[in-house]
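Right, one structure below, let's go through it.
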Amino acid sequence: MEGDRAEGGQREVVGMTNNPPQRVVYKPTWVANSFLVRARNEGVTDVDPLKIQKLVYNLHGWNLAVTGSPAVGERFEAWPHGPVNSTLYHKFKEYRFRPITGYATDVDPMTGVPSATYVSEGDAAFYDVFDRVWKRYKGYSGQELSDMTHAVGTPWSYAREHGLHYIPDNMIRDHFIEIGKVTA
């Protein structure tokens, strides 16, 4: 498996053609664990399930805007409290409104053993966006981040207004491109 047990640099999927390498798309649990590791390393203690959802969503959006590729390989749903990745919801729902004190685990298909994995620090392209997202959003509470996703004109608000279950990645990308223009 990749992640914290991986050695070397960024993994690339290279075919038999001269096409450019494809970027890695990670499990949402690996991305969430990367935020949790960073939070613990920096003494940020308010990462609850709502905040982790919005951090991962923001990273996904900025990654789409900056690289054109998704950060996570699962879609975000338009739930009443904003964009939600259902895998993360189920992994962290036991914490409810309390700070998350553990890590999300996945079963390693090679060993059958559950383990907590995060994105390898060797993936410089991932951490280039991750570091900027962390710096920008770490000081906000989960509720403040959720409020940002509820603003009129956000992909979440469009999805809710139009009865969409999933928030389309192209809308998320375009939204974060627009944020980048305003804050540049």
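Residue names in the structure tokens use chain letters A, B, ... in the order shown, residue numbers from 1 in each chain, and ligand numbers from 1 in the order shown.
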
Residue neighbourhood Arg160 of chain A, 9 Å, only C-alpha atoms, exclusion window fewer than 6 positions, as a ChimeraX atom specification: /A:78-80,167

Those in segment 51-184 of chain A with strand (DSSP E) from DSSP, as an NGL selection string: :A and (77-79 or 82-84 or 106-107 or 114-115)

Residue nearest Ser141 of chain A among A:Arg40, A:Ala71, A:His165, A:Pro99 (counting only C-alpha atoms): A:Pro99

Exercise: Phe76 of chain A partners within 8 Å, only C-alpha atoms, chain neighbours under 6 positions left out, as an MDAnalysis selection string: chainID A and resid 57 83:86 166:167

Do you know which residues are at most 7 Å from His150 of chain A counting only C-alpha atoms, after dropping those on the same chain fewer than 6 positions away, and could you put them as a tab-separated table (two decimals) with N, CA and C atoms, in the first residue's frame?
chain	number	residue	atom	x	y	z
A	82	GLY	N	-23.95	20.67	4.85
A	82	GLY	CA	-22.88	20.96	3.90
A	82	GLY	C	-22.39	19.72	3.18
A	156	TRP	N	-22.57	23.40	-3.01
A	156	TRP	CA	-23.50	22.73	-2.10
A	156	TRP	C	-24.89	23.35	-2.21
A	157	SER	N	-24.96	24.71	-2.20
A	157	SER	CA	-26.28	25.35	-2.26
A	157	SER	C	-26.97	25.04	-3.59

Residues flagged alpha helix (DSSP H) by DSSP in chain A, as a PyMOL selection string: chain A and resi 28-42+49-67+86-92+124-137+142-149+155-161+169-183

Emit the selected residues as a tab-separated table (two decimals), in the first residue's frame, including C-alpha atoms.
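Here's the written file again_20.tsv:
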chain	number	residue	atom	x	y	z
A	28	PRO	CA	-10.69	10.08	1.92
A	29	THR	CA	-9.51	8.38	5.12
A	30	TRP	CA	-5.85	8.86	4.11
A	31	VAL	CA	-6.47	12.56	3.48
A	32	ALA	CA	-8.38	12.95	6.76
A	33	ASN	CA	-5.60	11.18	8.65
A	34	SER	CA	-3.08	13.54	7.05
A	35	PHE	CA	-5.02	16.48	8.53
A	36	LEU	CA	-5.24	14.76	11.91
A	37	VAL	CA	-1.49	14.10	11.96
A	38	ARG	CA	-0.80	17.75	11.07
A	39	ALA	CA	-3.25	18.97	13.73
A	40	ARG	CA	-1.61	16.86	16.42
A	41	ASN	CA	1.87	17.96	15.34
A	42	GLU	CA	0.84	21.61	15.58
A	49	PRO	CA	-16.12	15.38	12.56
A	50	LEU	CA	-17.62	18.54	11.05
A	51	LYS	CA	-14.23	20.23	10.72
A	52	ILE	CA	-12.54	17.17	9.21
A	53	GLN	CA	-15.32	16.92	6.59
A	54	LYS	CA	-14.86	20.54	5.59
A	55	LEU	CA	-11.05	20.38	5.59
A	56	VAL	CA	-11.13	17.39	3.24
A	57	TYR	CA	-13.77	19.09	1.06
A	58	ASN	CA	-11.71	22.28	0.85
A	59	LEU	CA	-8.57	20.33	-0.02
A	60	HIS	CA	-10.51	18.46	-2.70
A	61	GLY	CA	-11.82	21.73	-4.13
A	62	TRP	CA	-8.47	23.49	-4.13
A	63	ASN	CA	-6.78	20.42	-5.62
A	64	LEU	CA	-9.34	20.40	-8.44
A	65	ALA	CA	-8.77	24.13	-9.00
A	66	VAL	CA	-4.97	24.03	-8.89
A	67	THR	CA	-4.18	20.69	-10.54
A	86	SER	CA	-20.12	9.43	3.60
A	87	THR	CA	-17.05	7.27	4.25
A	88	LEU	CA	-15.63	9.93	6.57
A	89	TYR	CA	-19.01	10.42	8.21
A	90	HIS	CA	-19.19	6.75	9.16
A	91	LYS	CA	-15.53	6.58	10.25
A	92	PHE	CA	-15.83	9.55	12.64
A	124	ALA	CA	5.23	16.82	-2.86
A	125	ALA	CA	2.42	17.78	-5.26
A	126	PHE	CA	-0.23	16.68	-2.76
A	127	TYR	CA	1.42	18.50	0.14
A	128	ASP	CA	1.91	21.66	-1.91
A	129	VAL	CA	-1.88	22.10	-1.98
A	130	PHE	CA	-2.43	20.49	1.43
A	131	ASP	CA	-0.08	22.92	3.20
A	132	ARG	CA	-1.84	25.94	1.71
A	133	VAL	CA	-5.28	24.57	2.63
A	134	TRP	CA	-4.17	23.77	6.16
A	135	LYS	CA	-2.68	27.24	6.66
A	136	ARG	CA	-5.81	28.92	5.31
A	137	TYR	CA	-8.48	26.90	7.17
A	142	GLY	CA	-16.11	23.13	11.93
A	143	GLN	CA	-19.21	25.31	12.13
A	144	GLU	CA	-17.45	28.28	10.55
A	145	LEU	CA	-16.19	26.07	7.73
A	146	SER	CA	-19.67	24.64	7.29
A	147	ASP	CA	-21.13	28.15	7.13
A	148	MET	CA	-18.73	28.93	4.27
A	149	THR	CA	-20.09	26.01	2.27
A	155	PRO	CA	-21.77	24.11	-5.20
A	156	TRP	CA	-23.50	22.73	-2.10
A	157	SER	CA	-26.28	25.35	-2.26
A	158	TYR	CA	-26.79	24.65	-5.98
A	159	ALA	CA	-26.97	20.90	-5.36
A	160	ARG	CA	-29.48	21.35	-2.53
A	161	GLU	CA	-31.63	23.77	-4.51
A	169	ASP	CA	-16.63	17.93	-9.19
A	170	ASN	CA	-16.71	20.39	-12.08
A	171	MET	CA	-18.85	22.75	-9.97
A	172	ILE	CA	-16.52	22.34	-7.01
A	173	ARG	CA	-13.51	23.06	-9.23
A	174	ASP	CA	-15.09	26.15	-10.78
A	175	HIS	CA	-16.10	27.47	-7.34
A	176	PHE	CA	-12.57	27.19	-5.99
A	177	ILE	CA	-11.13	28.76	-9.14
A	178	GLU	CA	-13.43	31.74	-8.47
A	179	ILE	CA	-12.35	31.91	-4.82
A	180	GLY	CA	-8.75	31.95	-6.03
A	181	LYS	CA	-9.48	34.92	-8.30
A	182	VAL	CA	-11.09	36.89	-5.47
A	183	THR	CA	-8.36	36.15	-2.91
